[in-house]
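**Student:** One file: final15.txt (compact mmCIF, C-alpha atoms and all ligand atoms).
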# COMPACT_ATOMS: atom_id res chain seq x y z
CA MET A 11 -21.22 -1.29 12.88
CA GLY A 12 -20.29 -3.44 9.91
CA ILE A 13 -17.40 -2.11 7.83
CA ARG A 14 -14.99 0.34 9.45
CA CYS A 15 -11.83 0.67 7.39
CA VAL A 16 -10.15 3.90 6.38
CA ALA A 17 -6.96 4.85 4.69
CA ILE A 18 -4.91 7.49 6.44
CA ARG A 19 -2.10 9.83 5.59
CA ALA A 20 1.11 8.94 7.36
CA CYS A 21 1.00 10.92 10.56
CA GLY A 22 4.46 10.39 11.99
CA GLY A 23 6.89 11.92 9.55
CA GLY A 24 5.52 15.24 8.30
CA LYS A 25 7.45 15.27 5.01
CA ILE A 26 5.64 12.38 3.46
CA ASP A 27 4.06 12.50 0.04
CA THR A 28 1.44 9.77 -0.01
CA GLY A 29 0.61 9.76 -3.69
CA VAL A 30 -2.53 7.73 -3.02
CA PRO A 31 -5.82 9.23 -4.16
CA ARG A 32 -8.27 10.59 -1.60
CA MET A 33 -6.41 9.84 1.62
CA ALA A 34 -8.23 11.02 4.72
CA VAL A 35 -6.42 12.72 7.58
CA CYS A 36 -4.96 10.68 10.40
CA PRO A 37 -7.85 9.67 12.67
CA TYR A 38 -5.79 9.81 15.84
CA GLY A 39 -4.55 13.30 16.90
CA ALA A 40 -6.65 15.43 14.55
CA ALA A 41 -10.00 13.82 15.31
CA ALA A 42 -9.29 13.92 19.05
CA VAL A 43 -8.60 17.68 18.89
CA VAL A 44 -11.81 18.29 16.93
CA MET A 45 -13.80 16.25 19.47
CA ALA A 46 -12.30 18.22 22.38
CA LEU A 47 -13.11 21.56 20.70
CA LEU A 48 -16.60 20.29 19.95
CA SER A 49 -17.23 19.52 23.63
CA ALA A 50 -15.97 23.00 24.57
CA ALA A 51 -18.18 24.64 21.93
CA ILE A 52 -21.24 22.80 23.28
CA ALA A 53 -20.34 23.62 26.91
CA PHE A 54 -19.88 27.36 26.16
CA HIS A 55 -22.80 27.60 23.68
CA CYS A 56 -20.49 28.88 20.94
CA SER A 57 -22.67 28.34 17.85
CA PRO A 58 -20.27 29.60 15.12
CA LEU A 59 -17.46 27.32 16.39
CA LEU A 60 -19.95 24.47 16.71
CA ALA A 61 -21.03 24.86 13.08
CA VAL A 62 -17.42 24.91 11.82
CA LEU A 63 -16.49 21.83 13.83
CA GLN A 64 -19.57 19.88 12.79
CA ARG A 65 -18.70 20.62 9.18
CA ALA A 66 -15.08 19.49 9.77
CA LEU A 67 -16.27 16.24 11.31
CA SER A 68 -18.74 15.49 8.54
CA LEU A 69 -16.05 16.19 5.92
CA HIS A 70 -13.68 13.87 7.78
CA THR A 71 -16.32 11.11 7.81
CA ALA A 72 -17.11 11.66 4.14
CA HIS A 73 -13.42 11.39 3.22
CA ALA A 74 -12.96 8.26 5.31
CA THR A 75 -16.00 6.63 3.69
CA LYS A 76 -14.69 7.48 0.22
CA ASP A 77 -11.25 6.11 1.05
CA MET A 78 -12.87 2.95 2.33
CA ASP A 79 -14.97 2.52 -0.83
CA ASN A 80 -11.89 3.23 -2.87
CA LEU A 81 -9.81 0.53 -1.15
CA PHE A 82 -12.56 -2.06 -1.44
CA GLN A 83 -12.76 -1.29 -5.14
CA LEU A 84 -8.98 -1.56 -5.57
CA VAL A 85 -9.03 -5.03 -3.97
CA ARG A 86 -11.94 -6.07 -6.22
CA ASN A 87 -9.88 -4.90 -9.21
CA ILE A 88 -7.07 -7.35 -8.46
CA VAL A 89 -9.28 -10.41 -7.95
CA PRO A 90 -9.00 -12.61 -11.06
CA ALA A 91 -12.18 -13.42 -12.95
CA LEU A 92 -13.52 -16.96 -12.72
CA THR A 93 -13.80 -18.14 -16.32
CA SER A 94 -13.94 -21.47 -18.12
CA LYS A 95 -10.82 -20.58 -20.13
CA LYS A 96 -8.33 -21.06 -17.33
CA HIS A 97 -6.17 -24.03 -16.48
CA LYS A 98 -5.25 -25.32 -13.04
CA GLY A 99 -2.57 -23.21 -11.44
CA GLN A 100 -3.27 -19.92 -13.18
CA ASP A 101 -4.90 -18.30 -10.16
CA GLY A 102 -2.03 -19.15 -7.87
CA ARG A 103 0.55 -21.75 -6.96
CA ILE A 104 1.62 -20.78 -3.47
CA GLY A 105 4.46 -22.22 -1.37
CA ILE A 106 4.40 -22.31 2.42
CA VAL A 107 7.76 -22.73 4.15
CA GLY A 108 7.17 -23.91 7.71
CA GLY A 109 6.13 -26.84 9.86
CA CYS A 110 8.36 -28.60 12.37
CA GLN A 111 8.02 -31.12 15.18
CA GLU A 112 6.20 -28.67 17.50
CA TYR A 113 4.10 -26.74 15.03
CA THR A 114 2.01 -28.44 12.37
CA GLY A 115 -1.17 -26.36 12.66
CA ALA A 116 0.32 -23.07 11.50
CA PRO A 117 1.51 -24.20 8.01
CA TYR A 118 -1.78 -26.05 7.55
CA PHE A 119 -3.78 -22.91 8.42
CA ALA A 120 -1.71 -20.79 6.03
CA GLY A 121 -1.89 -23.33 3.20
CA ILE A 122 -5.59 -24.10 3.44
CA SER A 123 -6.39 -20.38 3.73
CA ALA A 124 -4.50 -19.71 0.50
CA LEU A 125 -6.63 -22.35 -1.23
CA LYS A 126 -9.90 -21.10 0.26
CA VAL A 127 -9.14 -17.55 -0.88
CA GLY A 128 -8.69 -18.82 -4.43
CA ALA A 129 -5.23 -20.24 -5.09
CA ASP A 130 -5.26 -23.39 -7.21
CA LEU A 131 -2.35 -25.26 -5.62
CA THR A 132 -0.50 -25.02 -2.33
CA HIS A 133 2.85 -26.65 -1.60
CA VAL A 134 4.03 -26.95 2.01
CA PHE A 135 7.80 -27.35 2.55
CA CYS A 136 8.29 -28.64 6.08
CA ALA A 137 10.52 -30.75 8.31
CA ARG A 138 10.32 -34.50 7.76
CA GLU A 139 8.52 -35.30 11.02
CA ALA A 140 5.82 -32.70 10.40
CA ALA A 141 4.88 -33.90 6.93
CA PRO A 142 2.62 -36.91 7.70
CA VAL A 143 0.79 -34.85 10.30
CA ILE A 144 0.13 -31.94 7.93
CA LYS A 145 -0.93 -34.34 5.16
CA SER A 146 -3.37 -36.00 7.49
CA TYR A 147 -5.16 -32.69 8.18
CA SER A 148 -6.00 -32.21 4.55
CA PRO A 149 -5.70 -33.99 1.21
CA GLU A 150 -5.70 -30.58 -0.51
CA LEU A 151 -2.13 -29.70 0.44
CA ILE A 152 0.93 -30.97 -1.41
CA VAL A 153 3.51 -31.61 1.29
CA HIS A 154 7.29 -31.86 0.80
CA PRO A 155 9.24 -33.25 3.80
CA VAL A 156 12.50 -31.50 2.88
CA LEU A 157 13.16 -28.56 5.16
CA ASP A 158 15.55 -30.30 7.56
CA SER A 159 17.42 -32.26 4.90
CA SER A 160 20.98 -31.39 3.88
CA ASP A 161 19.83 -30.49 0.37
CA ALA A 162 16.75 -28.51 1.47
CA VAL A 163 17.62 -25.44 -0.60
CA GLU A 164 18.06 -27.47 -3.81
CA GLU A 165 14.84 -29.40 -3.13
CA VAL A 166 12.83 -26.20 -2.78
CA GLU A 167 14.67 -24.58 -5.72
CA LYS A 168 13.27 -27.33 -7.97
CA TRP A 169 9.80 -25.99 -7.26
CA LEU A 170 10.47 -22.27 -7.13
CA PRO A 171 10.09 -21.64 -10.89
CA ARG A 172 6.53 -22.97 -10.65
CA LEU A 173 5.51 -20.92 -7.63
CA HIS A 174 3.86 -17.49 -7.77
CA ALA A 175 4.48 -16.53 -4.14
CA LEU A 176 6.05 -17.90 -0.97
CA VAL A 177 4.85 -17.60 2.63
CA VAL A 178 7.79 -18.13 4.94
CA GLY A 179 7.60 -18.80 8.66
CA PRO A 180 4.29 -20.24 9.95
CA GLY A 181 5.25 -23.03 12.35
CA LEU A 182 8.88 -22.94 11.25
CA GLY A 183 10.36 -23.03 14.76
CA ARG A 184 13.80 -21.67 15.61
CA ASP A 185 16.11 -24.59 15.02
CA ASP A 186 19.39 -23.32 13.53
CA LEU A 187 19.51 -26.00 10.83
CA LEU A 188 16.04 -25.08 9.55
CA LEU A 189 16.69 -21.35 9.79
CA ASN A 190 19.92 -21.71 7.84
CA ASN A 191 18.08 -23.63 5.10
CA VAL A 192 15.40 -20.95 5.00
CA ARG A 193 18.10 -18.31 4.61
CA GLY A 194 19.22 -20.10 1.42
CA ILE A 195 15.62 -20.44 0.21
CA LEU A 196 15.06 -16.72 0.71
CA GLU A 197 18.20 -15.87 -1.28
CA SER A 198 16.92 -18.06 -4.14
CA THR A 199 13.45 -16.59 -3.94
CA LYS A 200 14.84 -13.07 -4.26
CA ALA A 201 17.10 -14.05 -7.14
CA ARG A 202 13.98 -15.23 -8.99
CA ASP A 203 12.00 -12.11 -8.09
CA ILE A 204 9.21 -14.13 -6.43
CA PRO A 205 6.95 -12.30 -3.96
CA VAL A 206 7.45 -13.42 -0.37
CA VAL A 207 5.34 -12.95 2.75
CA ILE A 208 7.37 -13.41 5.94
CA ASP A 209 5.60 -14.21 9.19
CA ALA A 210 6.16 -15.81 12.62
CA ASP A 211 9.57 -17.53 12.96
CA GLY A 212 10.51 -16.25 9.51
CA LEU A 213 10.54 -12.86 11.24
CA TRP A 214 12.79 -14.27 13.93
CA LEU A 215 15.29 -15.02 11.16
CA ILE A 216 14.86 -11.52 9.68
CA ALA A 217 15.56 -9.99 13.10
CA GLN A 218 18.89 -11.90 13.08
CA ARG A 219 19.64 -11.00 9.45
CA PRO A 220 17.71 -7.94 8.22
CA ALA A 221 19.89 -7.82 5.09
CA LEU A 222 17.99 -10.85 3.80
CA VAL A 223 15.01 -8.64 2.93
CA HIS A 224 16.43 -5.13 3.02
CA GLY A 225 15.15 -3.26 -0.06
CA TYR A 226 13.49 -6.31 -1.62
CA GLN A 227 10.36 -4.67 -3.01
CA LYS A 228 8.42 -7.94 -3.28
CA ALA A 229 8.70 -8.73 0.43
CA VAL A 230 5.88 -8.24 2.94
CA LEU A 231 6.47 -8.71 6.67
CA THR A 232 3.48 -9.46 8.93
CA PRO A 233 4.65 -9.00 12.54
CA ASN A 234 2.42 -9.25 15.59
CA HIS A 235 3.10 -6.92 18.52
CA VAL A 236 6.08 -8.86 19.87
CA GLU A 237 7.57 -9.63 16.45
CA PHE A 238 7.34 -5.93 15.55
CA SER A 239 9.32 -4.90 18.66
CA ARG A 240 11.94 -7.53 17.89
CA LEU A 241 12.38 -6.20 14.34
CA TRP A 242 12.51 -2.63 15.62
CA ASP A 243 15.29 -3.47 18.08
CA ALA A 244 17.20 -5.25 15.32
CA VAL A 245 17.23 -2.38 12.83
CA LEU A 246 16.67 0.90 14.69
CA SER A 247 18.86 2.34 17.39
CA SER A 248 16.29 4.79 18.81
CA PRO A 249 13.55 3.59 21.18
CA MET A 250 10.11 3.05 19.65
CA ASP A 251 7.53 5.80 20.18
CA THR A 252 4.72 3.69 21.61
CA SER A 253 2.26 6.59 21.32
CA ASN A 254 2.69 6.79 17.54
CA HIS A 255 2.04 3.37 16.01
CA SER A 256 1.66 4.53 12.43
CA GLY A 257 4.88 6.58 12.70
CA SER A 258 6.66 3.47 13.97
CA VAL A 259 5.50 1.18 11.16
CA LEU A 260 6.45 3.85 8.63
CA LYS A 261 9.90 4.21 10.17
CA LEU A 262 10.54 0.46 10.35
CA SER A 263 9.59 0.09 6.71
CA GLN A 264 11.98 2.90 5.76
CA ALA A 265 14.77 1.34 7.83
CA LEU A 266 14.28 -1.92 5.92
CA GLY A 267 14.50 -0.21 2.52
CA ASN A 268 10.79 0.53 2.06
CA ILE A 269 9.54 -3.02 2.12
CA THR A 270 5.87 -3.50 2.99
CA ILE A 271 5.11 -4.10 6.66
CA VAL A 272 1.80 -5.14 8.22
CA GLN A 273 1.73 -4.46 11.93
CA LYS A 274 -1.11 -6.63 13.29
CA GLY A 275 -3.12 -5.58 16.31
CA GLU A 276 -6.31 -3.88 17.42
CA GLN A 277 -5.96 -2.02 14.14
CA ASP A 278 -3.69 -3.35 11.42
CA LEU A 279 -1.25 -0.72 10.14
CA ILE A 280 0.28 -1.26 6.72
CA SER A 281 3.17 0.77 5.34
CA ASN A 282 5.69 0.83 2.53
CA GLY A 283 7.65 3.70 4.08
CA GLN A 284 5.74 6.28 2.05
CA GLN A 285 2.22 5.93 3.32
CA VAL A 286 0.29 4.10 6.02
CA LEU A 287 -3.04 2.35 5.55
CA VAL A 288 -5.12 1.35 8.51
CA CYS A 289 -7.52 -1.57 8.60
CA ASN A 290 -9.97 -1.62 11.46
CA GLN A 291 -12.58 -3.86 9.93
CA GLU A 292 -14.73 -5.16 12.75
CA GLY A 293 -13.44 -8.53 14.01
CA SER A 294 -14.15 -9.76 17.50
CA SER A 295 -12.61 -9.95 20.93
CA ARG A 296 -11.64 -13.61 20.41
CA ARG A 297 -7.84 -13.97 20.05
CA CYS A 298 -7.29 -17.70 19.46
CA GLY A 299 -3.93 -18.74 17.96
CA GLY A 300 -3.65 -19.21 14.20
CA GLN A 301 -5.41 -16.06 12.98
CA GLY A 302 -2.07 -14.67 11.84
CA ASP A 303 -1.52 -17.83 9.77
CA LEU A 304 -4.86 -17.29 8.04
CA LEU A 305 -3.70 -13.75 7.27
CA SER A 306 -0.28 -14.75 5.90
CA GLY A 307 -1.72 -17.52 3.70
CA SER A 308 -4.39 -15.20 2.29
CA LEU A 309 -1.81 -12.51 1.69
CA GLY A 310 0.38 -14.92 -0.26
CA VAL A 311 -2.39 -15.30 -2.86
CA MET A 312 -3.47 -11.68 -2.85
CA ALA A 313 0.12 -10.47 -3.23
CA HIS A 314 0.44 -12.58 -6.36
CA TRP A 315 -2.89 -11.32 -7.72
CA ALA A 316 -2.03 -7.69 -6.99
CA LEU A 317 1.43 -7.81 -8.55
CA ARG A 318 0.06 -9.58 -11.61
CA ALA A 319 -2.72 -6.99 -11.95
CA GLY A 320 -0.18 -4.17 -11.60
CA PRO A 321 -0.55 -0.52 -10.59
CA GLU A 322 -3.06 0.24 -13.39
CA LYS A 323 -5.60 -1.92 -11.54
CA THR A 324 -4.69 -0.42 -8.18
CA ASN A 325 -5.08 3.10 -9.48
CA GLY A 326 -1.40 3.90 -8.96
CA SER A 327 -1.31 2.63 -5.38
CA SER A 328 1.28 0.05 -4.39
CA PRO A 329 -0.15 -3.38 -5.31
CA LEU A 330 1.31 -4.93 -2.17
CA LEU A 331 -0.34 -2.33 0.08
CA VAL A 332 -3.69 -3.09 -1.54
CA ALA A 333 -3.11 -6.86 -1.20
CA ALA A 334 -2.15 -6.50 2.46
CA TRP A 335 -5.17 -4.34 3.24
CA GLY A 336 -7.40 -6.88 1.48
CA ALA A 337 -5.97 -9.83 3.43
CA CYS A 338 -6.28 -7.98 6.77
CA THR A 339 -9.86 -7.00 6.02
CA LEU A 340 -10.72 -10.56 5.04
CA THR A 341 -9.12 -12.11 8.14
CA ARG A 342 -10.96 -9.76 10.48
CA GLU A 343 -14.27 -10.40 8.72
CA CYS A 344 -13.73 -14.18 9.09
CA ASN A 345 -13.15 -13.58 12.78
CA HIS A 346 -16.34 -11.53 12.98
CA LEU A 347 -18.50 -14.09 11.17
CA ALA A 348 -17.14 -17.04 13.14
CA PHE A 349 -17.58 -15.20 16.44
CA GLN A 350 -21.23 -14.52 15.64
CA LYS A 351 -21.78 -18.28 15.42
CA TYR A 352 -19.45 -19.66 18.08
CA GLY A 353 -18.63 -16.84 20.49
CA ARG A 354 -15.94 -17.76 22.99
CA SER A 355 -15.44 -21.21 21.47
CA THR A 356 -14.38 -19.74 18.09
CA THR A 357 -11.15 -21.25 16.77
CA THR A 358 -9.13 -20.61 13.62
CA THR A 359 -10.74 -23.63 11.94
CA ASP A 360 -14.12 -21.88 12.37
CA MET A 361 -12.66 -18.72 10.84
CA ILE A 362 -11.30 -20.62 7.84
CA ALA A 363 -14.79 -22.05 7.26
CA GLU A 364 -15.96 -18.43 6.82
CA VAL A 365 -13.41 -17.44 4.15
CA GLY A 366 -15.86 -18.01 1.28
CA ALA A 367 -18.69 -16.04 2.87
CA ALA A 368 -16.40 -13.23 4.00
CA PHE A 369 -14.75 -12.95 0.59
CA SER A 370 -18.11 -12.79 -1.22
CA LYS A 371 -19.45 -10.19 1.18
CA LEU A 372 -16.40 -7.93 0.91
CA PHE A 373 -14.96 -8.36 -2.54
CA THR A 374 -17.43 -9.96 -4.94
CA THR A 375 -19.20 -7.44 -7.12
N1 LIG B 1 -1.41 -24.36 15.83
C1 LIG B 1 -0.16 -23.98 15.55
O1 LIG B 1 0.68 -24.77 15.11
C2 LIG B 1 0.22 -22.57 15.77
C3 LIG B 1 1.57 -22.28 15.75
N2 LIG B 1 2.02 -21.02 15.84
C4 LIG B 1 3.45 -20.86 15.67
O2 LIG B 1 4.05 -20.68 16.93
C5 LIG B 1 5.35 -20.14 16.71
C6 LIG B 1 5.60 -19.02 17.71
O3 LIG B 1 4.70 -17.95 17.44
P1 LIG B 1 4.31 -16.83 18.53
O4 LIG B 1 3.33 -15.91 17.94
O5 LIG B 1 3.91 -17.53 19.80
O6 LIG B 1 5.65 -16.03 18.68
P2 LIG B 1 6.64 -15.82 19.92
O7 LIG B 1 7.21 -17.13 20.29
O8 LIG B 1 7.57 -14.75 19.51
O9 LIG B 1 5.76 -15.35 21.12
C7 LIG B 1 5.10 -14.20 21.13
C8 LIG B 1 4.35 -14.17 22.44
O10 LIG B 1 3.86 -12.88 22.61
C9 LIG B 1 2.54 -12.93 23.02
N3 LIG B 1 1.83 -11.80 22.38
C10 LIG B 1 1.24 -11.77 21.17
N4 LIG B 1 0.68 -10.59 20.94
C11 LIG B 1 0.94 -9.84 22.03
C12 LIG B 1 0.62 -8.52 22.40
N5 LIG B 1 -0.10 -7.73 21.60
N6 LIG B 1 1.07 -8.07 23.58
C13 LIG B 1 1.79 -8.87 24.40
N7 LIG B 1 2.11 -10.13 24.10
C14 LIG B 1 1.68 -10.62 22.95
C15 LIG B 1 1.95 -14.24 22.55
O11 LIG B 1 1.05 -14.73 23.51
C16 LIG B 1 3.17 -15.12 22.43
O12 LIG B 1 3.30 -15.95 23.55
C17 LIG B 1 5.38 -19.69 15.24
O13 LIG B 1 6.04 -20.64 14.46
C18 LIG B 1 3.92 -19.68 14.88
O14 LIG B 1 3.71 -19.82 13.51
C19 LIG B 1 1.11 -19.87 15.85
O15 LIG B 1 0.99 -19.49 14.50
C20 LIG B 1 -0.23 -20.23 16.46
C21 LIG B 1 -0.82 -21.52 15.93
N1 LIG B 2 -6.88 -6.60 19.54
C1 LIG B 2 -7.33 -7.01 18.35
N2 LIG B 2 -8.58 -6.70 17.94
C2 LIG B 2 -9.03 -7.11 16.73
N3 LIG B 2 -8.30 -7.84 15.87
C3 LIG B 2 -7.06 -8.18 16.23
C4 LIG B 2 -6.50 -7.78 17.48
N4 LIG B 2 -5.24 -8.28 17.56
C5 LIG B 2 -5.03 -8.95 16.41
N5 LIG B 2 -6.11 -8.89 15.62
C6 LIG B 2 -6.28 -9.50 14.28
O1 LIG B 2 -5.95 -10.88 14.36
C7 LIG B 2 -5.20 -11.27 13.21
C8 LIG B 2 -3.93 -11.95 13.66
O2 LIG B 2 -3.18 -11.06 14.44
P1 LIG B 2 -2.34 -11.57 15.69
O3 LIG B 2 -1.70 -10.39 16.32
O4 LIG B 2 -3.19 -12.46 16.53
O5 LIG B 2 -1.27 -12.45 14.92
P2 LIG B 2 -0.35 -13.61 15.45
O6 LIG B 2 0.01 -13.39 16.88
O7 LIG B 2 0.76 -13.72 14.49
O8 LIG B 2 -1.30 -14.88 15.30
P3 LIG B 2 -0.89 -16.43 15.31
O9 LIG B 2 -1.51 -17.02 16.53
O10 LIG B 2 -1.46 -16.99 14.06
O11 LIG B 2 0.61 -16.51 15.32
C9 LIG B 2 -4.96 -10.01 12.39
O12 LIG B 2 -5.83 -10.02 11.28
C10 LIG B 2 -5.33 -8.87 13.31
O13 LIG B 2 -6.01 -7.86 12.61
MG MG B 3 1.94 -15.45 14.20
So, in terms of structure tokens, how does the structure I just supplied come out?
Ligand SMILES: NC(=O)C1=CN([C@@H]2O[C@H](COP(=O)(O)OP(=O)(O)OC[C@H]3O[C@@H](n4cnc5c(N)ncnc54)[C@H](O)[C@@H]3O)[C@@H](O)[C@H]2O)[C@@H](O)CC1
Ligand SMILES: Nc1ncnc2c1ncn2[C@@H]1O[C@H](COP(=O)(O)OP(=O)(O)OP(=O)(O)O)[C@@H](O)[C@H]1O
Ligand SMILES: [Mg+2]
**Tutor:**
Amino acid sequence: MGIRCVAIRACGGGKIDTGVPRMAVCPYGAAAVVMALLSAAIAFHCSPLLAVLQRALSLHTAHATKDMDNLFQLVRNIVPALTSKKHKGQDGRIGIVGGCQEYTGAPYFAGISALKVGADLTHVFCAREAAPVIKSYSPELIVHPVLDSSDAVEEVEKWLPRLHALVVGPGLGRDDLLLNNVRGILESTKARDIPVVIDADGLWLIAQRPALVHGYQKAVLTPNHVEFSRLWDAVLSSPMDTSNHSGSVLKLSQALGNITIVQKGEQDLISNGQQVLVCNQEGSSRRCGGQGDLLSGSLGVMAHWALRAGPEKTNGSSPLLVAAWGACTLTRECNHLAFQKYGRSTTTTDMIAEVGAAFSKLFTT
């Protein structure tokens, strides 16, 4: 099957008002109960029950399809038009904060993905040793070797007024000096009201200091399975309910002051503490490293586009939820397209080469 994304009503809390148009019911519990009843109706030849259940299932599918169409349309609404009237930079100047001695691939993947999605300029702020390596991967990236210097915060602050969004964490590492500098950069970013996507080792820092993002409505966190558990342990005292993923992402978002959280996995779950969207666009079974960096870089651009477009273009839905759903859908489609060509040998570089095709297929009208 090609496209398989639905939006769902938050299924953990019970008292949640979603506010988003045409949300389908949670596909987990409810659909499973209907399927079980359907099997029983078939086994016991109960035609009236069978008819009711078939109708319920077809309504569920119809709702899910509408929600899916709706979300695709909302993403298309935030994509800026390509016109001859624009100047360089208008469609996005994105900063990536990451890159250290060990990790140079991750900030490159995030930065180049931002450009391939449609940003005009990408600045990478990394440790001195990482800079020549990152530059040598691509002439497209502007690279600043400042992150381990004593005046790192001031050096990045010089650029912040020109940046539309920041992606913090890919390949950052966990050196205390770097993390302390990033703490200062995050404070400055918030003071300027710049959208920030926090991933990878940026999330390690947030697990140490959740107050850095608590309640900041322009923050999006993109944890993988392990990073999500770490954040949970840092901010919630109760154990996580591992049978209720959407309830958990909703709860973590609420505990962090309703910031947007993307829990990556077999399905991506996206919440702002009020509602949960699910993205299960078909990807592949190939799990090479770096796919999360493609996602965070893409989301940096889409977050800027969505916030600039505003809630009128997203039909009242949270712009950051729409941006996150768009970036997840795109990443998974890149994975799908690359896997069709390269199978087991697919790497993130192959996925990045599919960004243009995937974007056109999903979001170009
Ligand atoms: N080429 C590169 O330079 C890359 C660098 N990376 C960087 O590597 C650093 C560490 O990132 P990690 O993601 O390894 O974080 P962690 O160091 O927290 O390790 C998480 C570990 O959990 C495992 N894991 C992931 N998903 C899991 C799941 N669903 N169930 C059980 N285990 C799971 C992973 O194999 C990984 O070893 C970050 O700075 C990151 O950006 C990665 O982005 C990958 C690519
Ligand atoms: N089991 C899965 N099936 C399908 N897609 C998946 C699965 N797990 C993760 N993904 C997709 O892969 C992308 C990256 O998620 P992942 O959990 O690998 O991030 P990550 O560990 O941070 O990656 P990175 O190696 O870049 O650090 C997301 O778009 C997610 O939807
Ligand atoms: Mg990662």
**Student:** Residues up to 6 Å from ligand LIG 1 (chain B), counting all atoms listed in the file: could you list those as a list in words?
**Tutor:** Tyr113, Thr114, Gly115, Ala116, Pro180, Gly181, Leu182, Gly183, Ala210, Asp211, Asn234, His235, Val236, Glu237, Gly299, Gly300 and Asp303 of chain A
**Student:** Considering only C-alpha atoms and all ligand atoms, can you say which of A:Lys145, A:Arg318, A:Lys98, A:Arg296 comes closest to ligand LIG 2 (chain B)?
**Tutor:**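 Ranking A:Lys145, A:Arg318, A:Lys98, A:Arg296 by distance to ligand LIG 2 (chain B), first place goes to A:Arg296.
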**Student:** As AutoDock Vina command-line options, please: the centre and edge lengths in Å, to one decimal, of an axis-aligned box enclosing every listed atom of ligand LIG 2 (chain B) with 6 Å added on each side.
**Tutor:**
--center_x -4.1 --center_y -11.8 --center_z 15.4 --size_x 21.8 --size_y 22.4 --size_z 20.3
**Student:** Can you tell me which residues come within 7 Å of ligand LIG 2 (chain B) when counting only C-alpha atoms and all ligand atoms, ideally as a ChimeraX atom specification?
**Tutor:** /A:116,210,233-235,274-278,293-295,297-305,338,341-342
**Student:** Store the residues picked out above, limited to C-alpha atoms, as an mmCIF file, in the coordinates of the input.
**Tutor:**
data_model
loop_
_atom_site.group_PDB
_atom_site.id
_atom_site.type_symbol
_atom_site.label_atom_id
_atom_site.label_comp_id
_atom_site.auth_asym_id
_atom_site.auth_seq_id
_atom_site.Cartn_x
_atom_site.Cartn_y
_atom_site.Cartn_z
ATOM 1 C CA ALA A 116 0.320 -23.070 11.500
ATOM 2 C CA ALA A 210 6.160 -15.810 12.620
ATOM 3 C CA PRO A 233 4.650 -9.000 12.540
ATOM 4 C CA ASN A 234 2.420 -9.250 15.590
ATOM 5 C CA HIS A 235 3.100 -6.920 18.520
ATOM 6 C CA LYS A 274 -1.110 -6.630 13.290
ATOM 7 C CA GLY A 275 -3.120 -5.580 16.310
ATOM 8 C CA GLU A 276 -6.310 -3.880 17.420
ATOM 9 C CA GLN A 277 -5.960 -2.020 14.140
ATOM 10 C CA ASP A 278 -3.690 -3.350 11.420
ATOM 11 C CA GLY A 293 -13.440 -8.530 14.010
ATOM 12 C CA SER A 294 -14.150 -9.760 17.500
ATOM 13 C CA SER A 295 -12.610 -9.950 20.930
ATOM 14 C CA ARG A 297 -7.840 -13.970 20.050
ATOM 15 C CA CYS A 298 -7.290 -17.700 19.460
ATOM 16 C CA GLY A 299 -3.930 -18.740 17.960
ATOM 17 C CA GLY A 300 -3.650 -19.210 14.200
ATOM 18 C CA GLN A 301 -5.410 -16.060 12.980
ATOM 19 C CA GLY A 302 -2.070 -14.670 11.840
ATOM 20 C CA ASP A 303 -1.520 -17.830 9.770
ATOM 21 C CA LEU A 304 -4.860 -17.290 8.040
ATOM 22 C CA LEU A 305 -3.700 -13.750 7.270
ATOM 23 C CA CYS A 338 -6.280 -7.980 6.770
ATOM 24 C CA THR A 341 -9.120 -12.110 8.140
ATOM 25 C CA ARG A 342 -10.960 -9.760 10.480
#
**Student:** Nearest to Pro249 (chain A) among A:Leu262, A:Val143, A:Ile208, A:Phe119, with distances taken over only C-alpha atoms: which residue is it?
**Tutor:**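 Closest to Pro249 (chain A), using only C-alpha atoms: A:Leu262.
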**Student:** Could you jot down the CA of Ala217 (chain A) to CA of Phe238 (chain A) separation for me, Å, one decimal place?
**Tutor:**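 Computing it gives 9.5 Å between the two atoms.
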**Student:** Within 12 Å of Ala313 (chain A), counting all atoms listed in the file, which residues qualify if same-chain residues fewer than 2 places away don't, as a ChimeraX atom specification?
**Tutor:** /A:85,88-89,101-104,124,127,129,174-177,204-207,227-231,270,305-311,315-320,328-337
**Student:** Of the residues A:Glu322, A:Asp243, A:Glu343, A:Asp209, which is the one nearest to ligand MG 3 (chain B), using all atoms listed in the file?
**Tutor:**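 For ligand MG 3 (chain B), the nearest of the candidates is A:Asp209.
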**Student:** Which is closest to ligand MG 3 (chain B) among A:Asn80, A:Gln100, A:Gln111, A:Gln273, if we use all atoms listed in the file?
**Tutor:**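 The shortest atom-to-atom distance to ligand MG 3 (chain B) comes from A:Gln273.
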**Student:** (12.6, -0.6, 5.9) in this file's frame - what residues fall within 12 Å of it? Use all atoms listed in the file and give the answer as an MDAnalysis selection string.
**Tutor:** chainID A and resid 216 220:227 229:231 241:242 244:246 258:272 281:284
**Student:** Counting only C-alpha atoms and all ligand atoms, which of A:Ser355, A:Thr232, A:Gln350, A:Ser253 gets nearest to ligand MG 3 (chain B)?
**Tutor:** A:Thr232
**Student:** To one decimal place, how far is CA of Asn345 (chain A) from CA of Gly257 (chain A) in Å?
**Tutor:**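 Between these atoms lies a distance of 27.0 Å.
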**Student:** Check the smallest atom-to-atom distance from each of A:Pro117, A:Ser247, A:Arg193, A:Pro171 to ligand MG 3 (chain B) using all atoms listed in the file, then report the winner.
**Tutor:**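 Using all atoms listed in the file, the shortest distance to ligand MG 3 (chain B) belongs to A:Pro117.
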**Student:** Determine, counting all atoms listed in the file, which protein, DNA and RNA residues have an atom within 7 Å of an atom of Gly121 (chain A); residues of the same chain fewer than 6 positions away are not included. Present the result as a ChimeraX atom specification.
**Tutor:** /A:106,132,151,307
